[in-house]
>>> print(open('protein07.pdb').read())   # PDB, C-alpha atoms
ATOM      1  CA  MET A   1     -53.002  59.272 -27.806  1.00  0.00           C
ATOM      2  CA  ILE A   2     -50.107  57.543 -25.991  1.00  0.00           C
ATOM      3  CA  LYS A   3     -52.537  55.774 -23.706  1.00  0.00           C
ATOM      4  CA  LEU A   4     -54.572  54.575 -26.683  1.00  0.00           C
ATOM      5  CA  PHE A   5     -51.407  53.245 -28.421  1.00  0.00           C
ATOM      6  CA  SER A   6     -50.287  51.248 -25.387  1.00  0.00           C
ATOM      7  CA  THR A   7     -53.793  49.810 -24.995  1.00  0.00           C
ATOM      8  CA  ALA A   8     -53.850  48.699 -28.604  1.00  0.00           C
ATOM      9  CA  PHE A   9     -50.578  46.806 -28.295  1.00  0.00           C
ATOM     10  CA  ARG A  10     -51.283  45.279 -24.869  1.00  0.00           C
ATOM     11  CA  PRO A  11     -52.593  41.918 -26.291  1.00  0.00           C
ATOM     12  CA  ILE A  12     -49.421  41.581 -28.404  1.00  0.00           C
ATOM     13  CA  ILE A  13     -47.142  42.238 -25.389  1.00  0.00           C
ATOM     14  CA  ILE A  14     -49.075  39.755 -23.265  1.00  0.00           C
ATOM     15  CA  GLN A  15     -48.830  37.170 -26.035  1.00  0.00           C
ATOM     16  CA  GLN A  16     -45.065  37.703 -26.295  1.00  0.00           C
ATOM     17  CA  ARG A  17     -44.653  37.295 -22.548  1.00  0.00           C
ATOM     18  CA  CYS A  18     -46.669  34.067 -22.595  1.00  0.00           C
ATOM     19  CA  PHE A  19     -44.520  32.796 -25.444  1.00  0.00           C
ATOM     20  CA  GLN A  20     -41.351  33.638 -23.475  1.00  0.00           C
ATOM     21  CA  ARG A  21     -42.649  31.837 -20.394  1.00  0.00           C
ATOM     22  CA  GLN A  22     -43.588  28.801 -22.478  1.00  0.00           C
ATOM     23  CA  TYR A  23     -40.153  28.859 -24.155  1.00  0.00           C
ATOM     24  CA  PHE A  24     -38.292  28.992 -20.836  1.00  0.00           C
ATOM     25  CA  TYR A  25     -40.557  26.278 -19.420  1.00  0.00           C
ATOM     26  CA  ASN A  26     -39.879  23.986 -22.407  1.00  0.00           C
ATOM     27  CA  PHE A  27     -36.162  24.759 -22.248  1.00  0.00           C
ATOM     28  CA  ALA A  28     -36.103  23.873 -18.548  1.00  0.00           C
ATOM     29  CA  LYS A  29     -38.109  20.746 -19.242  1.00  0.00           C
ATOM     30  CA  ILE A  30     -35.720  19.641 -21.984  1.00  0.00           C
ATOM     31  CA  SER A  31     -32.705  20.386 -19.809  1.00  0.00           C
ATOM     32  CA  LYS A  32     -34.179  18.247 -17.051  1.00  0.00           C
ATOM     33  CA  LYS A  33     -34.682  15.344 -19.463  1.00  0.00           C
ATOM     34  CA  ASP A  34     -31.165  15.767 -20.783  1.00  0.00           C
ATOM     35  CA  GLN A  35     -29.857  15.731 -17.250  1.00  0.00           C
ATOM     36  CA  GLU A  36     -31.755  12.524 -16.504  1.00  0.00           C
ATOM     37  CA  ARG A  37     -30.244  10.906 -19.599  1.00  0.00           C
ATOM     38  CA  MET A  38     -26.782  12.043 -18.531  1.00  0.00           C
ATOM     39  CA  ASP A  39     -27.361  10.689 -15.029  1.00  0.00           C
ATOM     40  CA  LYS A  40     -28.431   7.303 -16.399  1.00  0.00           C
ATOM     41  CA  LYS A  41     -25.419   7.216 -18.691  1.00  0.00           C
ATOM     42  CA  GLN A  42     -23.122   8.006 -15.780  1.00  0.00           C
ATOM     43  CA  GLU A  43     -24.804   5.344 -13.687  1.00  0.00           C
ATOM     44  CA  LYS A  44     -24.143   2.752 -16.389  1.00  0.00           C
ATOM     45  CA  GLN A  45     -20.512   3.840 -16.537  1.00  0.00           C
ATOM     46  CA  ASN A  46     -20.240   3.484 -12.779  1.00  0.00           C
ATOM     47  CA  LEU A  47     -21.843   0.045 -12.822  1.00  0.00           C
ATOM     48  CA  GLY A  48     -19.358  -1.008 -15.457  1.00  0.00           C
ATOM     49  CA  LEU A  49     -16.393   0.324 -13.485  1.00  0.00           C
ATOM     50  CA  SER A  50     -16.135  -2.767 -11.314  1.00  0.00           C
ATOM     51  CA  LYS A  51     -15.908  -4.820 -14.508  1.00  0.00           C
ATOM     52  CA  THR A  52     -13.335  -2.459 -16.045  1.00  0.00           C
ATOM     53  CA  ILE A  53     -11.020  -2.567 -13.028  1.00  0.00           C
ATOM     54  CA  ASP A  54      -9.231  -5.870 -12.700  1.00  0.00           C
ATOM     55  CA  PHE A  55      -9.135  -6.482  -8.950  1.00  0.00           C
ATOM     56  CA  THR A  56      -7.160  -9.676  -9.429  1.00  0.00           C
ATOM     57  CA  VAL A  57      -4.142  -7.461 -10.132  1.00  0.00           C
ATOM     58  CA  TYR A  58      -4.424  -5.938  -6.657  1.00  0.00           C
ATOM     59  CA  GLN A  59      -5.139  -9.318  -5.078  1.00  0.00           C
ATOM     60  CA  THR A  60      -1.991 -10.696  -6.730  1.00  0.00           C
ATOM     61  CA  LYS A  61       0.131  -7.880  -5.292  1.00  0.00           C
ATOM     62  CA  PHE A  62      -1.020  -8.675  -1.764  1.00  0.00           C
ATOM     63  CA  ASP A  63      -0.696 -12.436  -2.286  1.00  0.00           C
ATOM     64  CA  GLN A  64       2.844 -12.143  -3.620  1.00  0.00           C
ATOM     65  CA  TYR A  65       3.965 -10.226  -0.569  1.00  0.00           C
ATOM     66  CA  ALA A  66       2.235 -12.710   1.761  1.00  0.00           C
ATOM     67  CA  GLN A  67       4.190 -15.490   0.058  1.00  0.00           C
ATOM     68  CA  LYS A  68       7.435 -13.568   0.521  1.00  0.00           C
ATOM     69  CA  PHE A  69       6.603 -13.075   4.208  1.00  0.00           C
ATOM     70  CA  GLN A  70       6.021 -16.814   4.662  1.00  0.00           C
ATOM     71  CA  GLU A  71       9.414 -17.550   3.106  1.00  0.00           C
ATOM     72  CA  GLN A  72      11.040 -15.141   5.556  1.00  0.00           C
ATOM     73  CA  LEU A  73       9.334 -16.877   8.473  1.00  0.00           C
ATOM     74  CA  LYS A  74      10.661 -20.282   7.386  1.00  0.00           C
ATOM     75  CA  LYS A  75      14.228 -18.969   7.569  1.00  0.00           C
ATOM     76  CA  LEU A  76      13.719 -17.540  11.057  1.00  0.00           C
ATOM     77  CA  GLN A  77      14.664 -20.244  13.549  1.00  0.00           C
ATOM     78  CA  VAL A  78      16.066 -20.420  17.061  1.00  0.00           C
ATOM     79  CA  GLY A  79      19.831 -20.914  17.022  1.00  0.00           C
ATOM     80  CA  LYS A  80      19.990 -20.210  13.288  1.00  0.00           C
ATOM     81  CA  LEU A  81      21.603 -17.135  11.770  1.00  0.00           C
ATOM     82  CA  THR A  82      20.718 -16.265   8.172  1.00  0.00           C
ATOM     83  CA  PRO A  83      21.845 -13.444   5.840  1.00  0.00           C
ATOM     84  CA  GLU A  84      18.286 -12.062   5.866  1.00  0.00           C
ATOM     85  CA  MET A  85      18.558 -11.442   9.605  1.00  0.00           C
ATOM     86  CA  LEU A  86      21.306  -8.883   8.915  1.00  0.00           C
ATOM     87  CA  ASP A  87      19.158  -6.814   6.553  1.00  0.00           C
ATOM     88  CA  ARG A  88      18.118  -4.491   9.374  1.00  0.00           C
ATOM     89  CA  VAL A  89      21.698  -3.724  10.430  1.00  0.00           C
ATOM     90  CA  SER A  90      22.867  -0.237   9.414  1.00  0.00           C
ATOM     91  CA  ILE A  91      26.513   0.807   9.299  1.00  0.00           C
ATOM     92  CA  GLN A  92      27.887   4.281   9.808  1.00  0.00           C
ATOM     93  CA  ALA A  93      30.393   4.625   6.955  1.00  0.00           C
ATOM     94  CA  TYR A  94      31.490   7.270   4.462  1.00  0.00           C
ATOM     95  CA  GLY A  95      29.760   9.877   6.595  1.00  0.00           C
ATOM     96  CA  GLU A  96      26.289   8.310   6.369  1.00  0.00           C
ATOM     97  CA  LYS A  97      24.204   5.327   7.484  1.00  0.00           C
ATOM     98  CA  LEU A  98      24.199   2.512   4.956  1.00  0.00           C
ATOM     99  CA  PRO A  99      22.545  -0.931   4.838  1.00  0.00           C
ATOM    100  CA  LEU A 100      24.959  -3.793   5.418  1.00  0.00           C
ATOM    101  CA  SER A 101      24.208  -5.219   1.962  1.00  0.00           C
ATOM    102  CA  SER A 102      25.819  -2.146   0.345  1.00  0.00           C
ATOM    103  CA  LEU A 103      29.110  -2.776   2.168  1.00  0.00           C
ATOM    104  CA  ALA A 104      29.357  -6.579   2.402  1.00  0.00           C
ATOM    105  CA  GLN A 105      27.932  -9.822   1.078  1.00  0.00           C
ATOM    106  CA  ALA A 106      26.865 -12.447   3.631  1.00  0.00           C
ATOM    107  CA  SER A 107      26.965 -16.160   2.911  1.00  0.00           C
ATOM    108  CA  GLN A 108      25.901 -19.125   5.048  1.00  0.00           C
ATOM    109  CA  LYS A 109      28.739 -21.264   6.424  1.00  0.00           C
ATOM    110  CA  SER A 110      26.661 -23.298   8.866  1.00  0.00           C
ATOM    111  CA  GLN A 111      23.364 -23.016  10.750  1.00  0.00           C
ATOM    112  CA  GLY A 112      24.642 -20.419  13.206  1.00  0.00           C
ATOM    113  CA  VAL A 113      27.592 -18.957  11.290  1.00  0.00           C
ATOM    114  CA  LEU A 114      27.821 -16.384   8.482  1.00  0.00           C
ATOM    115  CA  ILE A 115      30.830 -15.230   6.465  1.00  0.00           C
ATOM    116  CA  LEU A 116      30.821 -11.582   5.382  1.00  0.00           C
ATOM    117  CA  ASN A 117      32.936 -10.521   2.424  1.00  0.00           C
ATOM    118  CA  VAL A 118      33.507  -6.792   2.863  1.00  0.00           C
ATOM    119  CA  PHE A 119      33.849  -4.844  -0.376  1.00  0.00           C
ATOM    120  CA  ASP A 120      36.088  -2.086   1.016  1.00  0.00           C
ATOM    121  CA  GLU A 121      38.656  -3.163   3.602  1.00  0.00           C
ATOM    122  CA  SER A 122      38.628   0.326   5.159  1.00  0.00           C
ATOM    123  CA  THR A 123      35.023  -0.268   6.375  1.00  0.00           C
ATOM    124  CA  ILE A 124      35.644  -3.626   8.106  1.00  0.00           C
ATOM    125  CA  MET A 125      35.861  -2.102  11.585  1.00  0.00           C
ATOM    126  CA  ASP A 126      32.691  -0.072  10.966  1.00  0.00           C
ATOM    127  CA  VAL A 127      30.825  -3.223   9.932  1.00  0.00           C
ATOM    128  CA  MET A 128      32.108  -5.181  12.936  1.00  0.00           C
ATOM    129  CA  LYS A 129      31.096  -2.410  15.337  1.00  0.00           C
ATOM    130  CA  ALA A 130      27.560  -2.274  13.904  1.00  0.00           C
ATOM    131  CA  LEU A 131      27.168  -6.049  14.159  1.00  0.00           C
ATOM    132  CA  GLU A 132      28.446  -6.139  17.734  1.00  0.00           C
ATOM    133  CA  ASN A 133      26.059  -3.344  18.776  1.00  0.00           C
ATOM    134  CA  SER A 134      23.029  -4.884  17.072  1.00  0.00           C
ATOM    135  CA  ASP A 135      20.295  -6.654  19.053  1.00  0.00           C
ATOM    136  CA  LEU A 136      21.099 -10.012  17.403  1.00  0.00           C
ATOM    137  CA  ASN A 137      23.518 -11.021  20.191  1.00  0.00           C
ATOM    138  CA  LEU A 138      26.381 -11.844  17.813  1.00  0.00           C
ATOM    139  CA  GLN A 139      29.982 -12.879  18.203  1.00  0.00           C
ATOM    140  CA  VAL A 140      32.122 -11.209  15.542  1.00  0.00           C
ATOM    141  CA  LYS A 141      35.745 -11.722  14.541  1.00  0.00           C
ATOM    142  CA  LYS A 142      37.919 -10.614  11.636  1.00  0.00           C
ATOM    143  CA  GLN A 143      39.640 -13.030   9.273  1.00  0.00           C
ATOM    144  CA  ASP A 144      41.706 -11.214   6.641  1.00  0.00           C
ATOM    145  CA  LYS A 145      39.147  -9.264   4.557  1.00  0.00           C
ATOM    146  CA  GLN A 146      36.295 -11.351   5.869  1.00  0.00           C
ATOM    147  CA  ILE A 147      34.166 -11.209   9.012  1.00  0.00           C
ATOM    148  CA  VAL A 148      32.987 -14.358  10.770  1.00  0.00           C
ATOM    149  CA  CYS A 149      29.669 -13.758  12.458  1.00  0.00           C
ATOM    150  CA  GLN A 150      27.813 -16.225  14.702  1.00  0.00           C
ATOM    151  CA  LEU A 151      25.131 -16.327  17.356  1.00  0.00           C
ATOM    152  CA  ALA A 152      26.461 -15.992  20.907  1.00  0.00           C
ATOM    153  CA  GLN A 153      23.795 -18.355  22.294  1.00  0.00           C
ATOM    154  CA  GLY A 154      22.332 -21.634  21.098  1.00  0.00           C
ATOM    155  CA  ASN A 155      18.822 -22.828  21.866  1.00  0.00           C
ATOM    156  CA  THR A 156      18.346 -20.902  25.100  1.00  0.00           C
ATOM    157  CA  LYS A 157      15.623 -18.689  26.496  1.00  0.00           C
ATOM    158  CA  GLU A 158      17.658 -15.660  25.479  1.00  0.00           C
ATOM    159  CA  SER A 159      18.119 -16.907  21.904  1.00  0.00           C
ATOM    160  CA  ARG A 160      14.383 -17.631  21.641  1.00  0.00           C
ATOM    161  CA  MET A 161      13.560 -14.092  22.750  1.00  0.00           C
ATOM    162  CA  ILE A 162      16.020 -12.712  20.183  1.00  0.00           C
ATOM    163  CA  ALA A 163      14.271 -14.770  17.505  1.00  0.00           C
ATOM    164  CA  VAL A 164      10.873 -13.439  18.633  1.00  0.00           C
ATOM    165  CA  ASN A 165      12.185  -9.862  18.513  1.00  0.00           C
ATOM    166  CA  ASN A 166      13.397 -10.466  14.956  1.00  0.00           C
ATOM    167  CA  LEU A 167       9.975 -11.869  14.147  1.00  0.00           C
ATOM    168  CA  LYS A 168       8.318  -8.701  15.457  1.00  0.00           C
ATOM    169  CA  LYS A 169      10.570  -6.575  13.266  1.00  0.00           C
ATOM    170  CA  LEU A 170       9.652  -8.687  10.251  1.00  0.00           C
ATOM    171  CA  MET A 171       5.984  -8.147  11.071  1.00  0.00           C
ATOM    172  CA  GLU A 172       6.451  -4.376  11.375  1.00  0.00           C
ATOM    173  CA  ASP A 173       8.100  -4.314   7.955  1.00  0.00           C
ATOM    174  CA  ALA A 174       5.348  -6.522   6.534  1.00  0.00           C
ATOM    175  CA  LYS A 175       2.566  -4.198   7.674  1.00  0.00           C
ATOM    176  CA  GLN A 176       4.432  -1.202   6.308  1.00  0.00           C
ATOM    177  CA  ASN A 177       4.828  -2.936   2.947  1.00  0.00           C
ATOM    178  CA  LEU A 178       1.151  -3.874   2.859  1.00  0.00           C
ATOM    179  CA  ARG A 179       0.240  -0.229   3.482  1.00  0.00           C
ATOM    180  CA  GLN A 180       2.529   0.755   0.610  1.00  0.00           C
ATOM    181  CA  ILE A 181       0.854  -1.773  -1.682  1.00  0.00           C
ATOM    182  CA  ARG A 182      -2.572  -0.409  -0.712  1.00  0.00           C
ATOM    183  CA  HIS A 183      -1.358   3.128  -1.478  1.00  0.00           C
ATOM    184  CA  GLU A 184      -0.073   2.031  -4.900  1.00  0.00           C
ATOM    185  CA  CYS A 185      -3.369   0.298  -5.702  1.00  0.00           C
ATOM    186  CA  ILE A 186      -5.382   3.417  -4.847  1.00  0.00           C
ATOM    187  CA  ASP A 187      -2.999   5.539  -6.934  1.00  0.00           C
ATOM    188  CA  ASP A 188      -3.773   3.274  -9.890  1.00  0.00           C
ATOM    189  CA  LEU A 189      -7.415   4.398  -9.645  1.00  0.00           C
ATOM    190  CA  LYS A 190      -6.698   8.079 -10.381  1.00  0.00           C
ATOM    191  CA  PRO A 191      -7.616   7.869 -14.106  1.00  0.00           C
ATOM    192  CA  TYR A 192     -11.055   6.503 -13.162  1.00  0.00           C
ATOM    193  CA  LYS A 193     -11.843   9.507 -10.977  1.00  0.00           C
ATOM    194  CA  LYS A 194     -12.353  11.640 -14.091  1.00  0.00           C
ATOM    195  CA  VAL A 195     -15.187   9.444 -15.366  1.00  0.00           C
ATOM    196  CA  SER A 196     -16.757   8.137 -12.162  1.00  0.00           C
ATOM    197  CA  SER A 197     -18.758   9.550  -9.288  1.00  0.00           C
ATOM    198  CA  GLU A 198     -17.360   9.971  -5.783  1.00  0.00           C
ATOM    199  CA  ASP A 199     -19.698   7.268  -4.456  1.00  0.00           C
ATOM    200  CA  THR A 200     -18.427   4.777  -7.016  1.00  0.00           C
ATOM    201  CA  MET A 201     -14.793   5.550  -6.253  1.00  0.00           C
ATOM    202  CA  ARG A 202     -15.458   5.163  -2.527  1.00  0.00           C
ATOM    203  CA  GLN A 203     -16.900   1.699  -3.190  1.00  0.00           C
ATOM    204  CA  VAL A 204     -13.871   0.697  -5.255  1.00  0.00           C
ATOM    205  CA  GLU A 205     -11.435   2.015  -2.643  1.00  0.00           C
ATOM    206  CA  LYS A 206     -13.355   0.095   0.011  1.00  0.00           C
ATOM    207  CA  GLN A 207     -12.818  -3.104  -1.969  1.00  0.00           C
ATOM    208  CA  ILE A 208      -9.066  -2.434  -1.937  1.00  0.00           C
ATOM    209  CA  GLN A 209      -9.232  -1.689   1.789  1.00  0.00           C
ATOM    210  CA  ASP A 210     -11.009  -5.021   2.305  1.00  0.00           C
ATOM    211  CA  LEU A 211      -8.185  -6.798   0.439  1.00  0.00           C
ATOM    212  CA  PHE A 212      -5.654  -5.013   2.646  1.00  0.00           C
ATOM    213  CA  GLU A 213      -7.436  -5.937   5.888  1.00  0.00           C
ATOM    214  CA  LYS A 214      -7.889  -9.559   4.820  1.00  0.00           C
ATOM    215  CA  GLN A 215      -4.181  -9.884   4.020  1.00  0.00           C
ATOM    216  CA  THR A 216      -3.195  -8.158   7.270  1.00  0.00           C
ATOM    217  CA  GLN A 217      -5.294 -10.643   9.239  1.00  0.00           C
ATOM    218  CA  GLN A 218      -3.608 -13.508   7.389  1.00  0.00           C
ATOM    219  CA  LEU A 219      -0.160 -12.153   8.289  1.00  0.00           C
ATOM    220  CA  ASP A 220      -1.235 -11.693  11.920  1.00  0.00           C
ATOM    221  CA  SER A 221      -2.253 -15.347  11.999  1.00  0.00           C
ATOM    222  CA  LEU A 222       1.113 -16.417  10.531  1.00  0.00           C
ATOM    223  CA  PHE A 223       2.918 -14.220  13.048  1.00  0.00           C
ATOM    224  CA  LYS A 224       1.135 -15.740  16.065  1.00  0.00           C
ATOM    225  CA  SER A 225       1.771 -19.266  14.820  1.00  0.00           C
ATOM    226  CA  LYS A 226       5.475 -18.558  14.279  1.00  0.00           C
ATOM    227  CA  GLU A 227       5.816 -16.807  17.634  1.00  0.00           C
ATOM    228  CA  LYS A 228       4.379 -19.870  19.395  1.00  0.00           C
ATOM    229  CA  GLU A 229       6.776 -22.110  17.465  1.00  0.00           C
ATOM    230  CA  LEU A 230       9.831 -20.043  18.440  1.00  0.00           C
ATOM    231  CA  LEU A 231       8.925 -19.822  22.109  1.00  0.00           C
ATOM    232  CA  ASN A 232       8.233 -23.543  22.414  1.00  0.00           C
ATOM    233  CA  ASN A 233      11.221 -24.686  20.377  1.00  0.00           C
TER     234      ASN A 233
END
>>> encode(input="protein07.pdb", output="structure tokens")
Amino acid sequence: MIKLFSTAFRPIIIQQRCFQRQYFYNFAKISKKDQERMDKKQEKQNLGLSKTIDFTVYQTKFDQYAQKFQEQLKKLQVGKLTPEMLDRVSIQAYGEKLPLSSLAQASQKSQGVLILNVFDESTIMDVMKALENSDLNLQVKKQDKQIVCQLAQGNTKESRMIAVNNLKKLMEDAKQNLRQIRHECIDDLKPYKKVSSEDTMRQVEKQIQDLFEKQTQQLDSLFKSKEKELLNN
């Protein structure tokens, strides 16, 4: 009797199984189509990303720093001492190392002479010591609350080499600043990572890297030209 019952219902069971297979097949087929639509939508979003991101903003950041670097190069001359040349001097005061600009204000008296107005008279000797021990080859003397600072050499081989060394330090700072700008530009892309594929983001980051390399090459060219000028002055 049990065998007869199972035989009677076998066509119904087979039909149900066929229906289930067809249902799962259709479901898989629909899911595949939906996935294709989603992929195409994502692709359109990715293609539009380059239009959404304004690369001129990043280009401007690099260009502005390049302009600043060129202005620094103009001020760097053999036999000339400028306030900017003292920016790298650090002073040991108040139990820590501080930039000279936080302790004194430098003003140009003549081409090779600077006057430093020290804010706190108790730090004058600390400032003088730092200036004397710097690689700028300076002559330093105290006048009341002021410090008179001048180059020890004029237009000599030694003074030209000092100028070239200062140029190299400017270039080191410039490359570091360009790397910082590149880092900031890439950080600006973080919101786009949520809506874009990894391949798209790699392409965008490469465009920023290209801007960075182009600007670095431009600065290298400026550096070599200025180095030649200083050595042949």
>>> atom_distance(input="protein07.pdb", atom1="CA of Gln92 (chain A)", atom2="CA of Glu121 (chain A)")
14.5 Å
>>> resolve_selection(input="protein07.pdb", expression="the PyMOL selection byres ((chain A and resi 58) around 9)", output="PDB file with C-alpha atoms, in the coordinates of the input")
ATOM      1  CA  ASP A  54      -9.231  -5.870 -12.700  1.00  0.00           C
ATOM      2  CA  PHE A  55      -9.135  -6.482  -8.950  1.00  0.00           C
ATOM      3  CA  THR A  56      -7.160  -9.676  -9.429  1.00  0.00           C
ATOM      4  CA  VAL A  57      -4.142  -7.461 -10.132  1.00  0.00           C
ATOM      5  CA  GLN A  59      -5.139  -9.318  -5.078  1.00  0.00           C
ATOM      6  CA  THR A  60      -1.991 -10.696  -6.730  1.00  0.00           C
ATOM      7  CA  LYS A  61       0.131  -7.880  -5.292  1.00  0.00           C
ATOM      8  CA  PHE A  62      -1.020  -8.675  -1.764  1.00  0.00           C
ATOM      9  CA  ASP A  63      -0.696 -12.436  -2.286  1.00  0.00           C
ATOM     10  CA  ILE A 181       0.854  -1.773  -1.682  1.00  0.00           C
ATOM     11  CA  ARG A 182      -2.572  -0.409  -0.712  1.00  0.00           C
ATOM     12  CA  CYS A 185      -3.369   0.298  -5.702  1.00  0.00           C
ATOM     13  CA  ILE A 208      -9.066  -2.434  -1.937  1.00  0.00           C
ATOM     14  CA  LEU A 211      -8.185  -6.798   0.439  1.00  0.00           C
TER      15      LEU A 211
END
>>> axis_aligned_box(input="protein07.pdb", around="region 90-96 of chain A", padding_each_side="6 Å", output="AutoDock Vina command-line options")
--center_x 27.2 --center_y 4.8 --center_z 7.1 --size_x 20.6 --size_y 22.1 --size_z 17.3
>>> resolve_selection(input="protein07.pdb", expression="the PyMOL selection byres ((chain A and resi 178) around 12)", output="tab-separated table (two decimals) with C-alpha atoms, keeping the file's coordinate frame")
chain	number	residue	atom	x	y	z
A	58	TYR	CA	-4.42	-5.94	-6.66
A	59	GLN	CA	-5.14	-9.32	-5.08
A	61	LYS	CA	0.13	-7.88	-5.29
A	62	PHE	CA	-1.02	-8.68	-1.76
A	63	ASP	CA	-0.70	-12.44	-2.29
A	64	GLN	CA	2.84	-12.14	-3.62
A	65	TYR	CA	3.96	-10.23	-0.57
A	66	ALA	CA	2.24	-12.71	1.76
A	68	LYS	CA	7.44	-13.57	0.52
A	69	PHE	CA	6.60	-13.08	4.21
A	171	MET	CA	5.98	-8.15	11.07
A	172	GLU	CA	6.45	-4.38	11.38
A	173	ASP	CA	8.10	-4.31	7.96
A	174	ALA	CA	5.35	-6.52	6.53
A	175	LYS	CA	2.57	-4.20	7.67
A	176	GLN	CA	4.43	-1.20	6.31
A	177	ASN	CA	4.83	-2.94	2.95
A	179	ARG	CA	0.24	-0.23	3.48
A	180	GLN	CA	2.53	0.76	0.61
A	181	ILE	CA	0.85	-1.77	-1.68
A	182	ARG	CA	-2.57	-0.41	-0.71
A	183	HIS	CA	-1.36	3.13	-1.48
A	184	GLU	CA	-0.07	2.03	-4.90
A	185	CYS	CA	-3.37	0.30	-5.70
A	208	ILE	CA	-9.07	-2.43	-1.94
A	209	GLN	CA	-9.23	-1.69	1.79
A	211	LEU	CA	-8.18	-6.80	0.44
A	212	PHE	CA	-5.65	-5.01	2.65
A	213	GLU	CA	-7.44	-5.94	5.89
A	214	LYS	CA	-7.89	-9.56	4.82
A	215	GLN	CA	-4.18	-9.88	4.02
A	216	THR	CA	-3.20	-8.16	7.27
A	217	GLN	CA	-5.29	-10.64	9.24
A	218	GLN	CA	-3.61	-13.51	7.39
A	219	LEU	CA	-0.16	-12.15	8.29
>>> atom_distance(input="protein07.pdb", atom1="CA of Gln146 (chain A)", atom2="CA of Val118 (chain A)")
6.1 Å
>>> resolve_selection(input="protein07.pdb", expression="the PyMOL selection byres ((chain A and resi 109) around 12)", output="PyMOL selection string")
chain A and resi 80-83+106-108+110-116+147-150
>>> write_last_selection(input="protein07.pdb", atoms="C-alpha atoms", output="CSV table (one decimal), in the frame of the given file")
chain,number,residue,atom,x,y,z
A,80,LYS,CA,20.0,-20.2,13.3
A,81,LEU,CA,21.6,-17.1,11.8
A,82,THR,CA,20.7,-16.3,8.2
A,83,PRO,CA,21.8,-13.4,5.8
A,106,ALA,CA,26.9,-12.4,3.6
A,107,SER,CA,27.0,-16.2,2.9
A,108,GLN,CA,25.9,-19.1,5.0
A,110,SER,CA,26.7,-23.3,8.9
A,111,GLN,CA,23.4,-23.0,10.8
A,112,GLY,CA,24.6,-20.4,13.2
A,113,VAL,CA,27.6,-19.0,11.3
A,114,LEU,CA,27.8,-16.4,8.5
A,115,ILE,CA,30.8,-15.2,6.5
A,116,LEU,CA,30.8,-11.6,5.4
A,147,ILE,CA,34.2,-11.2,9.0
A,148,VAL,CA,33.0,-14.4,10.8
A,149,CYS,CA,29.7,-13.8,12.5
A,150,GLN,CA,27.8,-16.2,14.7
>>> atom_distance(input="protein07.pdb", atom1="CA of Met85 (chain A)", atom2="CA of Leu136 (chain A)")
8.3 Å
>>> residues_around(input="protein07.pdb", residues="Ser225 (chain A)", least_positions_apart="6", cutoff="12 Å", atoms="only C-alpha atoms", output="compact mmCIF listing (two decimals) with C-alpha atoms, keeping the file's coordinate frame")
# COMPACT_ATOMS: atom_id res chain seq x y z
CA GLN A 70 6.02 -16.81 4.66
CA LEU A 73 9.33 -16.88 8.47
CA LYS A 74 10.66 -20.28 7.39
CA VAL A 164 10.87 -13.44 18.63
CA LEU A 167 9.98 -11.87 14.15
CA GLN A 218 -3.61 -13.51 7.39
CA LEU A 219 -0.16 -12.15 8.29
CA LEU A 231 8.93 -19.82 22.11
CA ASN A 232 8.23 -23.54 22.41
>>> residues_around(input="protein07.pdb", residues="Ala163 (chain A)", least_positions_apart="2", cutoff="10 Å", atoms="only C-alpha atoms", output="PyMOL selection string")
chain A and resi 76-81+85+136+157-161+165-169+227+230-231
